[in-house]
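What follows is the content of upload-v1.txt, which has compact mmCIF, C-alpha atoms:
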# COMPACT_ATOMS: atom_id res chain seq x y z
CA MET A 248 22.11 -15.20 12.85
CA THR A 249 19.88 -18.24 12.63
CA TYR A 250 16.16 -17.99 12.51
CA ASN A 251 14.04 -20.29 14.64
CA PRO A 252 10.38 -20.41 15.71
CA GLU A 253 11.15 -18.18 18.70
CA ASN A 254 11.82 -15.36 16.29
CA ARG A 255 8.38 -15.77 14.77
CA ARG A 256 6.30 -12.60 14.69
CA PHE A 257 2.84 -11.75 13.46
CA PRO A 258 2.37 -9.16 10.71
CA LEU A 259 0.75 -5.91 11.81
CA SER A 260 -2.95 -5.47 11.04
CA GLN A 261 -3.98 -3.43 8.03
CA HIS A 262 -5.88 -0.18 8.52
CA THR A 263 -7.51 2.31 6.18
CA ILE A 264 -5.51 5.18 4.71
CA GLY A 265 -8.52 7.36 5.55
CA PRO A 266 -9.47 10.52 3.64
CA PHE A 267 -6.26 12.48 4.25
CA PHE A 268 -3.50 10.71 2.28
CA PRO A 269 -1.07 13.58 1.56
CA PRO A 270 -1.29 15.02 -1.96
CA GLY A 271 2.36 15.97 -1.46
CA PHE A 272 3.27 12.29 -1.74
CA PHE A 273 2.48 12.43 -5.46
CA GLN A 274 5.08 13.60 -7.94
CA PRO A 275 4.85 13.86 -11.74
CA GLY A 276 5.60 10.47 -13.25
CA ASP A 277 4.48 8.41 -10.26
CA ASN A 278 1.83 6.79 -12.47
CA ASP A 279 4.35 6.09 -15.26
CA LEU A 280 5.70 2.54 -14.94
CA THR A 281 7.95 2.91 -17.98
CA ARG A 282 10.61 4.93 -16.15
CA TYR A 283 12.26 4.98 -12.74
CA SER A 284 11.59 8.66 -12.15
CA ALA A 285 10.13 11.63 -14.01
CA ASP A 286 13.57 12.59 -15.36
CA ALA A 287 14.81 9.04 -16.05
CA THR A 288 15.07 7.58 -19.54
CA PRO A 289 12.00 5.46 -20.27
CA THR A 290 12.42 1.81 -21.18
CA GLU A 291 12.86 1.02 -24.86
CA GLN A 292 11.39 -2.47 -24.51
CA GLY A 293 7.73 -3.15 -25.08
CA GLU A 294 4.62 -1.53 -26.47
CA VAL A 295 3.54 1.56 -24.53
CA PHE A 296 -0.10 1.87 -23.50
CA ILE A 297 -2.34 3.94 -21.24
CA LEU A 298 -4.70 2.33 -18.76
CA HIS A 299 -7.42 4.59 -17.44
CA GLY A 300 -10.83 4.47 -15.83
CA ASN A 301 -12.74 5.56 -12.79
CA VAL A 302 -13.35 4.32 -9.26
CA CYS A 303 -16.88 4.24 -7.86
CA LYS A 304 -18.45 3.24 -4.57
CA GLU A 305 -21.97 1.96 -3.80
CA GLY A 306 -24.53 3.66 -6.04
CA ARG A 307 -21.90 4.12 -8.80
CA LEU A 308 -20.77 7.38 -7.23
CA PRO A 309 -17.24 8.33 -8.34
CA VAL A 310 -14.71 8.82 -5.55
CA PRO A 311 -11.80 11.28 -5.45
CA ASN A 312 -8.54 10.64 -3.56
CA MET A 313 -8.51 6.88 -4.02
CA ILE A 314 -5.00 5.49 -4.39
CA LEU A 315 -4.16 2.84 -7.00
CA GLU A 316 -0.86 1.00 -7.31
CA MET A 317 0.03 -1.15 -10.31
CA TRP A 318 2.69 -3.88 -10.58
CA GLN A 319 3.50 -6.11 -13.54
CA ALA A 320 6.16 -8.06 -15.42
CA ASP A 321 8.35 -6.39 -18.04
CA ALA A 322 7.84 -6.78 -21.79
CA ASN A 323 9.56 -10.19 -21.68
CA GLY A 324 7.59 -11.50 -18.71
CA ARG A 325 10.35 -10.96 -16.12
CA PHE A 326 10.36 -9.26 -12.73
CA ARG A 327 13.49 -7.42 -11.53
CA SER A 328 13.51 -9.32 -8.25
CA GLU A 329 15.38 -12.14 -6.53
CA CYS A 330 12.07 -14.00 -6.47
CA ASP A 331 12.18 -14.37 -10.27
CA PRO A 332 14.67 -17.06 -11.43
CA GLU A 333 15.40 -14.82 -14.43
CA GLY A 334 15.23 -11.58 -12.43
CA ASP A 335 18.81 -10.61 -13.30
CA GLN A 336 17.79 -10.49 -16.98
CA ALA A 337 14.82 -8.19 -16.38
CA ASP A 338 14.65 -4.78 -18.04
CA PRO A 339 16.78 -2.44 -15.84
CA ASP A 340 14.99 0.71 -17.11
CA PHE A 341 11.50 -0.53 -16.31
CA ILE A 342 10.43 -0.02 -12.67
CA ALA A 343 7.19 -1.95 -13.30
CA TRP A 344 5.43 -0.12 -10.44
CA GLY A 345 3.37 3.04 -10.38
CA ARG A 346 0.91 4.93 -8.24
CA SER A 347 -2.10 6.95 -9.34
CA TRP A 348 -4.77 8.80 -7.37
CA THR A 349 -8.25 9.62 -8.51
CA THR A 350 -9.29 13.13 -9.53
CA MET A 351 -12.34 14.93 -8.17
CA GLU A 352 -14.27 13.02 -10.91
CA GLY A 353 -12.90 9.69 -9.69
CA ASP A 354 -10.58 9.16 -12.69
CA TYR A 355 -7.18 7.45 -12.63
CA SER A 356 -4.57 6.62 -15.27
CA PHE A 357 -1.31 4.70 -15.69
CA ARG A 358 1.26 4.60 -18.48
CA SER A 359 3.14 1.34 -18.99
CA VAL A 360 4.29 -1.24 -21.53
CA LEU A 361 2.45 -4.46 -22.36
CA PRO A 362 3.69 -7.16 -19.97
CA GLY A 363 5.02 -10.41 -21.43
CA SER A 364 3.74 -13.86 -20.59
CA TYR A 365 5.92 -16.30 -18.68
CA GLU A 366 6.16 -19.87 -17.44
CA GLU A 367 5.77 -20.67 -13.75
CA ASP A 368 5.62 -24.18 -12.28
CA GLY A 369 4.89 -25.62 -15.71
CA GLN A 370 1.97 -23.28 -16.35
CA ARG A 371 1.90 -20.26 -18.64
CA ARG A 372 0.75 -16.95 -17.17
CA ALA A 373 -1.04 -14.63 -19.56
CA PRO A 374 0.08 -10.98 -19.66
CA HIS A 375 -1.54 -9.33 -16.66
CA LEU A 376 -1.56 -6.21 -14.48
CA ASN A 377 -1.83 -6.35 -10.68
CA VAL A 378 -3.84 -3.44 -9.33
CA LEU A 379 -4.15 -2.53 -5.66
CA LEU A 380 -6.75 0.00 -4.54
CA MET A 381 -7.00 1.76 -1.20
CA GLY A 382 -8.83 4.74 0.19
CA ILE A 383 -11.49 6.04 2.51
CA GLY A 384 -13.95 3.34 3.58
CA LEU A 385 -11.61 0.50 2.66
CA MET A 386 -10.15 -0.81 5.92
CA LYS A 387 -7.68 -2.88 3.89
CA PRO A 388 -6.55 -2.59 0.30
CA VAL A 389 -8.41 -4.59 -2.35
CA THR A 390 -6.50 -6.16 -5.23
CA THR A 391 -7.37 -7.46 -8.63
CA THR A 392 -5.60 -8.75 -11.73
CA LEU A 393 -6.43 -7.43 -15.19
CA TYR A 394 -5.99 -9.15 -18.56
CA PHE A 395 -5.92 -8.04 -22.21
CA PRO A 396 -8.56 -9.16 -24.73
CA GLN A 397 -6.01 -9.66 -27.56
CA PHE A 398 -4.39 -12.58 -25.70
CA ALA A 399 -7.48 -14.80 -25.68
CA GLU A 400 -5.53 -18.05 -26.07
CA LEU A 401 -3.17 -17.28 -23.21
CA ASN A 402 -6.04 -15.99 -21.06
CA ALA A 403 -7.91 -19.26 -21.57
CA LYS A 404 -5.00 -21.16 -19.97
CA ASP A 405 -4.07 -18.67 -17.24
CA PRO A 406 -4.33 -20.56 -13.92
CA ILE A 407 -5.41 -17.49 -11.92
CA LEU A 408 -8.01 -16.23 -14.38
CA ASN A 409 -9.38 -19.78 -14.40
CA LEU A 410 -10.18 -19.47 -10.68
CA VAL A 411 -12.91 -16.99 -11.67
CA PRO A 412 -16.26 -18.57 -12.68
CA GLU A 413 -16.20 -18.90 -16.46
CA HIS A 414 -19.09 -16.54 -17.22
CA GLN A 415 -17.41 -13.76 -15.22
CA ARG A 416 -13.86 -13.93 -16.65
CA ASP A 417 -14.52 -11.27 -19.29
CA ARG A 418 -15.12 -8.79 -16.49
CA LEU A 419 -11.37 -8.79 -15.75
CA LEU A 420 -10.47 -7.74 -19.31
CA VAL A 421 -9.40 -4.19 -19.96
CA GLN A 422 -11.35 -2.61 -22.85
CA PRO A 423 -9.60 -1.09 -25.92
CA ASP A 424 -10.40 2.63 -25.83
CA GLY A 425 -8.80 4.32 -28.83
CA GLU A 426 -5.61 6.31 -28.42
CA VAL A 427 -4.34 8.75 -25.80
CA ASP A 428 -1.20 10.81 -26.50
CA GLY A 429 -0.59 8.70 -29.60
CA VAL A 430 -0.51 5.33 -27.83
CA PRO A 431 -3.21 2.65 -27.44
CA ALA A 432 -5.50 3.23 -24.48
CA TYR A 433 -7.43 0.67 -22.44
CA ARG A 434 -10.23 1.34 -20.02
CA PHE A 435 -11.06 -0.39 -16.77
CA ASP A 436 -13.67 1.02 -14.38
CA ILE A 437 -13.71 -0.13 -10.78
CA LEU A 438 -16.84 -0.49 -8.65
CA THR A 439 -15.81 -1.38 -5.09
CA ARG A 440 -19.32 -2.23 -3.89
CA GLY A 441 -22.46 -2.84 -5.88
CA PRO A 442 -24.68 -5.56 -7.37
CA ALA A 443 -22.88 -8.92 -7.39
CA ASP A 444 -22.61 -9.05 -11.18
CA GLU A 445 -21.28 -5.49 -11.47
CA GLU A 446 -18.95 -5.16 -8.49
CA THR A 447 -15.32 -5.53 -9.52
CA ILE A 448 -13.88 -9.01 -8.97
CA PHE A 449 -11.19 -8.91 -6.30
CA PHE A 450 -8.71 -11.56 -5.19
CA GLU A 451 -7.66 -12.49 -1.68
CA THR A 452 -4.21 -11.38 -0.56
CA MET B 43 21.00 -7.34 -9.04
CA ARG B 44 22.40 -10.52 -7.54
CA ASN B 45 21.75 -13.63 -9.54
CA ILE B 46 20.30 -15.54 -6.58
CA HIS B 47 16.86 -17.01 -6.79
CA THR B 48 15.07 -16.85 -3.47
CA THR B 49 11.53 -17.70 -2.58
CA ARG B 50 9.39 -15.77 -0.18
CA LEU B 51 6.72 -17.64 1.75
CA TYR B 52 3.47 -15.92 2.59
CA ASP B 53 1.29 -17.62 5.16
CA PRO B 54 -2.39 -16.71 5.26
CA TRP B 55 -3.28 -13.84 7.61
CA PRO B 56 -3.55 -15.27 11.15
CA ASP B 57 -7.04 -15.25 12.70
CA GLY B 58 -8.13 -11.95 14.23
CA VAL B 59 -5.32 -9.86 12.72
CA GLU B 60 -7.20 -8.51 9.72
CA PRO B 61 -9.87 -5.89 10.49
CA SER B 62 -13.42 -7.22 10.41
CA VAL B 63 -15.43 -5.25 7.84
CA PRO B 64 -17.74 -3.44 7.28
CA ILE B 65 -17.61 -1.71 10.69
CA GLU B 66 -20.75 -0.90 12.67
CA GLY B 67 -20.98 2.89 13.09
CA TYR B 68 -18.31 3.65 10.46
CA THR B 69 -20.61 4.62 7.58
CA ASN B 70 -18.05 4.74 4.80
CA THR B 71 -17.07 1.09 5.21
CA TRP B 72 -20.65 0.20 4.19
CA LEU B 73 -20.31 2.16 0.94
CA PHE B 74 -16.91 0.82 -0.12
CA THR B 75 -16.31 -2.68 1.25
CA PRO B 76 -16.92 -5.27 -1.49
CA SER B 77 -20.10 -7.26 -0.86
CA GLN B 78 -18.73 -10.37 -2.58
CA PRO B 79 -16.01 -12.56 -1.05
CA ALA B 80 -12.59 -12.11 -2.64
CA ILE B 81 -11.50 -15.04 -4.82
CA ARG B 82 -8.86 -17.21 -3.15
CA LYS B 83 -5.70 -17.76 -5.14
CA PRO B 84 -2.29 -19.31 -4.56
CA VAL B 85 0.77 -17.12 -3.96
CA THR B 86 2.71 -16.86 -7.21
CA ARG B 87 5.70 -15.00 -8.61
CA THR B 88 3.68 -11.94 -9.52
CA GLU B 89 2.91 -11.33 -5.80
CA THR B 90 6.21 -12.36 -4.21
CA THR B 91 8.10 -9.93 -6.42
CA GLY B 92 8.04 -6.15 -6.02
CA PRO B 93 9.76 -3.06 -7.39
CA ALA B 94 13.55 -2.89 -7.10
CA GLU B 95 15.01 0.48 -6.05
CA LEU B 96 11.59 2.01 -5.44
CA TRP B 97 13.26 4.94 -3.66
CA ARG B 98 14.28 6.20 -7.10
CA LYS B 99 10.59 6.81 -7.87
CA LEU B 100 9.38 7.66 -4.35
CA ILE B 101 12.01 10.17 -3.25
CA CYS B 102 12.89 9.79 0.43
CA GLY B 103 13.79 12.57 2.86
CA ASP B 104 15.33 12.91 6.31
CA GLY B 105 12.11 12.25 8.22
CA ASN B 106 12.12 15.54 10.13
CA LEU B 107 8.55 16.88 10.17
CA ALA B 108 9.03 18.99 13.32
CA VAL B 109 11.14 21.72 11.73
CA THR B 110 10.47 23.32 8.32
CA SER B 111 13.15 23.63 5.66
CA THR B 112 13.55 27.28 6.69
CA GLY B 113 14.10 26.35 10.35
CA LYS B 114 10.67 27.10 11.80
CA TRP B 115 9.42 24.84 14.57
CA ALA B 116 6.01 23.17 14.54
CA GLN B 117 3.77 23.56 17.59
CA GLY B 118 3.26 20.57 19.83
CA LEU B 119 4.96 17.96 21.91
CA TYR B 120 8.16 16.87 20.20
CA MET B 121 8.71 13.18 19.70
CA ARG B 122 10.83 10.70 17.84
CA VAL B 123 9.05 7.69 16.32
CA PHE B 124 11.41 4.91 15.36
CA GLY B 125 11.59 1.17 14.92
CA GLN B 126 12.59 -1.70 12.71
CA ILE B 127 10.91 -3.00 9.59
CA LEU B 128 10.91 -6.79 10.00
CA ASP B 129 9.53 -9.86 8.30
CA GLU B 130 7.64 -12.63 10.10
CA ASP B 131 10.94 -14.32 11.05
CA SER B 132 12.21 -11.07 12.65
CA ARG B 133 14.59 -10.54 9.74
CA PRO B 134 15.28 -6.83 9.18
CA ILE B 135 14.02 -5.44 5.87
CA PRO B 136 16.42 -2.86 4.43
CA ASN B 137 15.44 -0.30 1.77
CA ALA B 138 11.74 -0.38 2.58
CA VAL B 139 9.97 2.85 1.66
CA VAL B 140 8.20 4.12 4.79
CA GLU B 141 5.59 6.87 4.49
CA LEU B 142 4.04 8.62 7.51
CA TRP B 143 1.22 11.14 7.78
CA GLN B 144 -0.64 12.56 10.75
CA ALA B 145 -2.77 15.37 12.17
CA ASN B 146 -1.19 18.38 13.85
CA ALA B 147 -1.19 18.93 17.63
CA ALA B 148 -4.77 20.28 17.42
CA GLY B 149 -6.00 17.20 15.59
CA ARG B 150 -6.25 18.72 12.11
CA TYR B 151 -4.64 17.54 8.89
CA ALA B 152 -2.98 19.94 6.47
CA HIS B 153 -5.32 18.64 3.75
CA THR B 154 -7.98 20.46 1.72
CA LEU B 155 -10.59 17.87 2.72
CA ASP B 156 -10.11 18.53 6.47
CA ASN B 157 -12.42 21.47 7.22
CA ARG B 158 -12.67 20.95 10.95
CA ARG B 159 -12.77 24.01 13.21
CA ALA B 160 -9.31 23.58 14.65
CA PRO B 161 -6.17 25.61 13.96
CA LEU B 162 -3.77 24.77 11.17
CA ASP B 163 -0.08 25.07 11.97
CA PRO B 164 1.75 26.85 9.11
CA ASN B 165 4.94 25.09 10.21
CA PHE B 166 3.57 21.57 10.17
CA LEU B 167 2.65 19.62 7.02
CA GLY B 168 2.53 16.33 8.85
CA ASN B 169 3.94 13.94 6.28
CA GLY B 170 7.27 12.44 5.38
CA ARG B 171 8.94 9.54 3.62
CA VAL B 172 12.13 7.69 4.56
CA ARG B 173 13.95 4.54 3.50
CA SER B 174 14.85 1.89 6.08
CA ASP B 175 18.60 1.41 6.60
CA GLU B 176 20.62 -1.76 6.10
CA ASN B 177 19.32 -3.15 9.41
CA GLY B 178 15.71 -2.23 8.71
CA TRP B 179 15.67 0.83 11.02
CA TYR B 180 13.62 3.94 10.29
CA GLU B 181 12.95 7.11 12.30
CA PHE B 182 10.88 10.28 12.11
CA HIS B 183 11.12 13.47 14.18
CA THR B 184 7.66 14.91 14.58
CA ILE B 185 5.11 16.14 17.12
CA LYS B 186 2.43 14.22 18.94
CA PRO B 187 -0.81 14.39 16.93
CA GLY B 188 -4.09 15.46 18.51
CA ALA B 189 -7.31 13.45 18.63
CA TYR B 190 -10.17 14.43 16.33
CA PRO B 191 -13.85 13.55 15.93
CA VAL B 192 -15.29 11.47 13.10
CA PRO B 193 -18.38 13.42 11.97
CA VAL B 194 -20.80 10.54 11.37
CA LYS B 195 -24.09 9.70 13.09
CA ASP B 196 -23.07 8.55 16.59
CA ALA B 197 -19.78 10.40 16.15
CA TRP B 198 -16.70 9.20 17.97
CA TRP B 199 -13.20 10.57 18.51
CA ARG B 200 -10.18 9.04 16.87
CA PRO B 201 -7.47 8.63 19.48
CA ALA B 202 -4.09 10.19 18.61
CA HIS B 203 -2.64 8.02 15.85
CA ILE B 204 -0.09 8.05 13.06
CA HIS B 205 -0.63 6.59 9.58
CA PHE B 206 2.08 4.39 8.09
CA SER B 207 2.40 3.08 4.54
CA VAL B 208 5.24 0.63 3.96
CA LEU B 209 6.42 -0.82 0.67
CA GLY B 210 8.55 -3.87 1.35
CA PRO B 211 10.16 -6.53 -0.83
CA GLY B 212 7.02 -7.94 -2.45
CA THR B 213 3.55 -6.75 -3.31
CA LEU B 214 2.14 -9.13 -0.68
CA SER B 215 4.26 -7.45 1.99
CA ARG B 216 2.63 -4.08 1.18
CA LEU B 217 1.24 -2.72 4.46
CA VAL B 218 -0.84 0.30 5.41
CA THR B 219 -1.56 0.62 9.11
CA GLN B 220 -1.87 3.07 12.01
CA MET B 221 0.17 3.48 15.18
CA TYR B 222 -1.49 4.32 18.50
CA PHE B 223 -0.17 5.68 21.80
CA PRO B 224 0.02 3.68 25.04
CA GLY B 225 -2.36 4.55 27.88
CA ASP B 226 -4.90 6.48 25.80
CA PRO B 227 -8.45 5.66 27.02
CA MET B 228 -9.79 6.59 23.58
CA ASN B 229 -8.04 3.53 22.15
CA ASP B 230 -10.75 1.37 23.76
CA TRP B 231 -13.55 3.33 22.04
CA ASP B 232 -12.02 3.65 18.59
CA ARG B 233 -14.11 1.77 16.02
CA ILE B 234 -11.17 1.49 13.66
CA LEU B 235 -8.67 0.00 16.12
CA ASN B 236 -11.34 -2.30 17.56
CA SER B 237 -12.23 -3.71 14.15
CA VAL B 238 -9.15 -5.88 14.77
CA GLY B 239 -10.64 -8.80 16.71
CA ASP B 240 -7.56 -10.19 18.42
CA ALA B 241 -6.46 -8.26 21.53
CA ALA B 242 -2.80 -9.13 21.02
CA ALA B 243 -3.00 -7.87 17.44
CA ARG B 244 -4.53 -4.59 18.66
CA ASN B 245 -1.73 -4.24 21.22
CA ARG B 246 0.86 -4.63 18.48
CA LEU B 247 -0.49 -1.41 16.92
CA ILE B 248 0.29 0.51 20.13
CA ALA B 249 3.80 1.98 20.28
CA THR B 250 6.11 1.48 23.26
CA GLN B 251 7.16 4.63 25.09
CA GLN B 252 10.89 4.96 25.66
CA HIS B 253 12.20 5.28 29.21
CA PRO B 254 13.29 8.89 29.92
CA ARG B 255 16.91 7.82 30.36
CA ASP B 256 16.89 6.54 26.77
CA ALA B 257 14.69 9.25 25.24
CA GLY B 258 16.81 12.14 26.57
CA THR B 259 15.48 15.67 27.00
CA GLU B 260 14.97 16.83 23.41
CA ALA B 261 11.88 14.81 22.60
CA LEU B 262 9.73 11.92 23.75
CA GLY B 263 10.55 8.59 22.15
CA TYR B 264 8.16 5.96 20.84
CA ARG B 265 9.28 2.67 19.36
CA PHE B 266 7.08 1.08 16.74
CA ASP B 267 8.37 -2.02 14.99
CA ILE B 268 6.56 -2.78 11.75
CA VAL B 269 6.25 -6.46 10.87
CA LEU B 270 5.38 -7.13 7.23
CA ARG B 271 3.98 -10.35 5.85
CA GLY B 272 6.36 -12.91 4.42
CA ARG B 273 9.33 -15.06 5.25
CA ASN B 274 12.45 -15.79 3.30
CA ALA B 275 12.63 -19.45 2.33
CA THR B 276 16.31 -19.35 1.41
CA PRO B 277 18.55 -20.76 4.19
CA GLU B 278 21.13 -18.41 5.69
CA ALA B 279 24.51 -18.63 3.99

Reformat the file's structure so that it appears as structure tokens.
Amino acid sequence: MTYNPENRRFPLSQHTIGPFFPPGFFQPGDNDLTRYSADATPTEQGEVFILHGNVCKEGRLPVPNMILEMWQADANGRFRSECDPEGDQADPDFIAWGRSWTTMEGDYSFRSVLPGSYEEDGQRRAPHLNVLLMGIGLMKPVTTTLYFPQFAELNAKDPILNLVPEHQRDRLLVQPDGEVDGVPAYRFDILTRGPADEETIFFET
Amino acid sequence: MRNIHTTRLYDPWPDGVEPSVPIEGYTNTWLFTPSQPAIRKPVTRTETTGPAELWRKLICGDGNLAVTSTGKWAQGLYMRVFGQILDEDSRPIPNAVVELWQANAAGRYAHTLDNRRAPLDPNFLGNGRVRSDENGWYEFHTIKPGAYPVPVKDAWWRPAHIHFSVLGPGTLSRLVTQMYFPGDPMNDWDRILNSVGDAAARNRLIATQQHPRDAGTEALGYRFDIVLRGRNATPEA
């Protein structure tokens, strides 16, 4: 089958998930990126960490039932995908994707391993986490990209982080937050709508 | 994993396809929608890629919501919702994870946050998850959902609709949308559907009813093709 302009279609419009996303869609381990399923062997590559925080709307009110999805490279900076030239060498035990939903207090958490940095089109990408957020009141998902403070040199050269005005870049850093379950924890709180210098920085999709 | 490097192209959203937000009369959009414009960025590897074998994490079922595992039938008008998951070049997308959720025939969700005075159906949970086949096809057996009111100032009724969440080949092809039914006058008054500015784009969210000769006598049939963003830049072999 050949594909020509007559086969061209438009993507469907995005809509809100509304307030009734089924709790039954969540299973233990969905927010654990280090393993394919709750009973699968976790990856042995990379440094495990916890990312946690809360999600608030206007007025800093925490919101339950918000859905977060996280996607990232493996510990060596590879994605297990045909769209990565080194995708066939990516960690086969690391699914790199997880889903979390906020508690009645608006809290979320993920478990993962530190992503590696990698080269793309002659530029070096700093280790980063892609986070997508959806829920009531959001007609379309919002997305952001988070960075780690310990990779300051790589962050300074990251072409995407450099699209953010310089004085605001630190706002996309996760904050070291002690240990949870014996592994390093980082905190990142999300404010979907608020004063311009406090609202979370989101990227276009 | 095949050792073939492909590139997926993602064009910007066409005009009028994305909902225009916040929405007048839909209070919550004014409390959640970011006030600042999102930062524009190029499409890079981290967005064109997506999880391989996601069905290992998100376990998929047979898509039958109309009958419980113990053989009890839900109340309502039986229907089959089916279609193809496609990219913008009409290429089928196999192995997409397709999630569906909906209200019952009385317009109430089996969800603790839905306290509306309408009956719950003990035999209808109203959600399911399937994986598209090698030609991108998916199907669910369910019942036609009822309309329900949105309890805000200047309340309105949501027309019968079905929620879809689709996880395709890349994170930029991630889509959450809603399917509507043809010929429903409430479609014209729905603030959510009408936040999509382009009339053709709104029409694409309305399913096509199957002719009775094709639907048969067991259930009504509605076809709803789901087009995700993205095109494959690799020429056909």

- Surrounding residues of Leu420 in chain A excluding itself and chain neighbours under 6 positions, 6 Å, only C-alpha atoms, as a list of chain:residue names: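 Here the qualifying residues turn out to be A:Leu393, A:Tyr394, A:Phe395, A:Pro396.
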
- Query: Could you state the separation of CA of Val238 in chain B and CA of Tyr222 in chain B in Å, given to one decimal place?
  - Reply: 13.3 Å

- Give the residues of chain A that lie within 7 Å of chain B; count all atoms listed in the file, and format the answer as a ChimeraX atom specification. /A:250,254-264,267,269,277,283-284,304-305,326-332,335,342-344,384-386,407,439-440,443,449-452

- Query: Got a sec to check which residues sit within 8 Å of (8.9, 13.5, 16.0), counting only C-alpha atoms, and write them as a list in words?
  - Reply: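 Checking each residue against the 8 Å limit leaves Asn106, Leu107, Ala108, Tyr120, Met121, Arg122, Val123, Phe182, His183, Thr184, Ile185, Lys186, Ala261 and Leu262 of chain B.
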
Once you add 6 Å to each side, what are the centre and edge lengths of the axis-aligned box holding all listed atoms of range 424-433 of chain A? One decimal in Å, as lines of an AutoDock Vina configuration file, if you can.
center_x = -5.5
center_y = 5.7
center_z = -26.0
size_x = 21.9
size_y = 22.1
size_z = 19.2

- Item | Computed interatomic separation between CA of Leu209 in chain B and CA of Ile127 in chain B (Å) |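 Separation between CA of Leu209 in chain B and CA of Ile127 in chain B: 10.2 Å.
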
- Query: So how far away is CA of Ile314 in chain A from CA of Leu380 in chain A, in Å?
  - Reply: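 Interatomic distance, CA of Leu380 in chain A to CA of Ile314 in chain A: 5.8 Å.
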
- Message: Tell me which residues come within 7 Å of (16.5, -5.5, 9.4), as a ChimeraX atom specification, counting only C-alpha atoms in the file's coordinates.
- Response: /B:126-128,133-136,176-179

- Message: Just checking: using all atoms listed in the file, which residue out of B:Phe124, B:Phe166, B:Tyr264, B:Trp231 ends up closest to Trp198 in chain B?
- Response: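 With all atoms listed in the file as the atom set, the closest residue is B:Trp231.
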
- Task: With a distance cut-off of 9 Å and all atoms listed in the file, select the neighbouring residues of Tyr365 in chain A, excluding the residue or stretch itself and same-chain residues fewer than 2 positions from it, and output the selection as a PyMOL selection string.
- Result: chain A and resi 320+323-325+363+367+370-374

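Counting all atoms listed in the file, the residue from A:Pro266, A:Gly293, A:Pro339, A:Gly382 that sits nearest to Ala322 in chain A is A:Gly293.
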
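Nearest-residue note for Met351 in chain A: choosing from A:Leu408, A:Cys303, A:Ile437, A:Val378, the minimum distance belongs to A:Cys303, counting all atoms listed in the file.
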
- Shell of 7 Å around Val139 in chain B, only C-alpha atoms, local chain residues under 5 positions omitted, as an MDAnalysis selection string: chainID B and resid 97 172:174 208:210

Counting all atoms listed in the file, what is within 6 Å of Val421 in chain A, bar same-chain residues fewer than 4 positions away, as a compact mmCIF listing (two decimals) with C-alpha atoms, in the frame of the given file?
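Listed below is the output, result-v1.txt:
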# COMPACT_ATOMS: atom_id res chain seq x y z
CA PHE A 395 -5.92 -8.04 -22.21
CA TYR A 433 -7.43 0.67 -22.44
CA ARG A 434 -10.23 1.34 -20.02
CA PHE A 435 -11.06 -0.39 -16.77

- Find the spatial neighbours of Val295 in chain A, counting only C-alpha atoms, within a cut-off of 7 Å - ignore same-chain residues fewer than 5 positions away - and output them as an MDAnalysis selection string. chainID A and resid 359:361 430

- Among the residues A:Thr392, A:His375, A:Asp428, A:Gly353, the one that comes closest to Arg307 in chain A [using only C-alpha atoms]: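 Result for the nearest residue to Arg307 in chain A: A:Gly353.
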
Since fewer atoms than expected are present, regenerate N, CA and C atoms for range 116-125 of chain B and write them as a JSON list (two decimals), in the frame of the given file.
[["chain", "number", "residue", "atom", "x", "y", "z"],
["B", 116, "ALA", "N", 7.44, 23.47, 14.42],
["B", 116, "ALA", "CA", 6.01, 23.17, 14.54],
["B", 116, "ALA", "C", 5.60, 23.29, 16.00],
["B", 117, "GLN", "N", 4.28, 23.50, 16.22],
["B", 117, "GLN", "CA", 3.77, 23.56, 17.59],
["B", 117, "GLN", "C", 3.38, 22.16, 18.04],
["B", 118, "GLY", "N", 3.67, 21.87, 19.30],
["B", 118, "GLY", "CA", 3.26, 20.57, 19.83],
["B", 118, "GLY", "C", 4.35, 19.94, 20.68],
["B", 119, "LEU", "N", 4.06, 18.72, 21.06],
["B", 119, "LEU", "CA", 4.96, 17.96, 21.91],
["B", 119, "LEU", "C", 5.92, 17.18, 21.01],
["B", 120, "TYR", "N", 7.20, 17.49, 21.11],
["B", 120, "TYR", "CA", 8.16, 16.87, 20.20],
["B", 120, "TYR", "C", 8.38, 15.40, 20.52],
["B", 121, "MET", "N", 8.46, 14.61, 19.48],
["B", 121, "MET", "CA", 8.71, 13.18, 19.70],
["B", 121, "MET", "C", 9.45, 12.57, 18.52],
["B", 122, "ARG", "N", 10.14, 11.49, 18.86],
["B", 122, "ARG", "CA", 10.83, 10.70, 17.84],
["B", 122, "ARG", "C", 10.07, 9.38, 17.75],
["B", 123, "VAL", "N", 9.68, 9.00, 16.55],
["B", 123, "VAL", "CA", 9.05, 7.69, 16.32],
["B", 123, "VAL", "C", 10.06, 6.88, 15.53],
["B", 124, "PHE", "N", 10.39, 5.71, 16.04],
["B", 124, "PHE", "CA", 11.41, 4.91, 15.36],
["B", 124, "PHE", "C", 11.11, 3.43, 15.56],
["B", 125, "GLY", "N", 11.77, 2.61, 14.78],
["B", 125, "GLY", "CA", 11.59, 1.17, 14.92],
["B", 125, "GLY", "C", 12.25, 0.44, 13.78]]
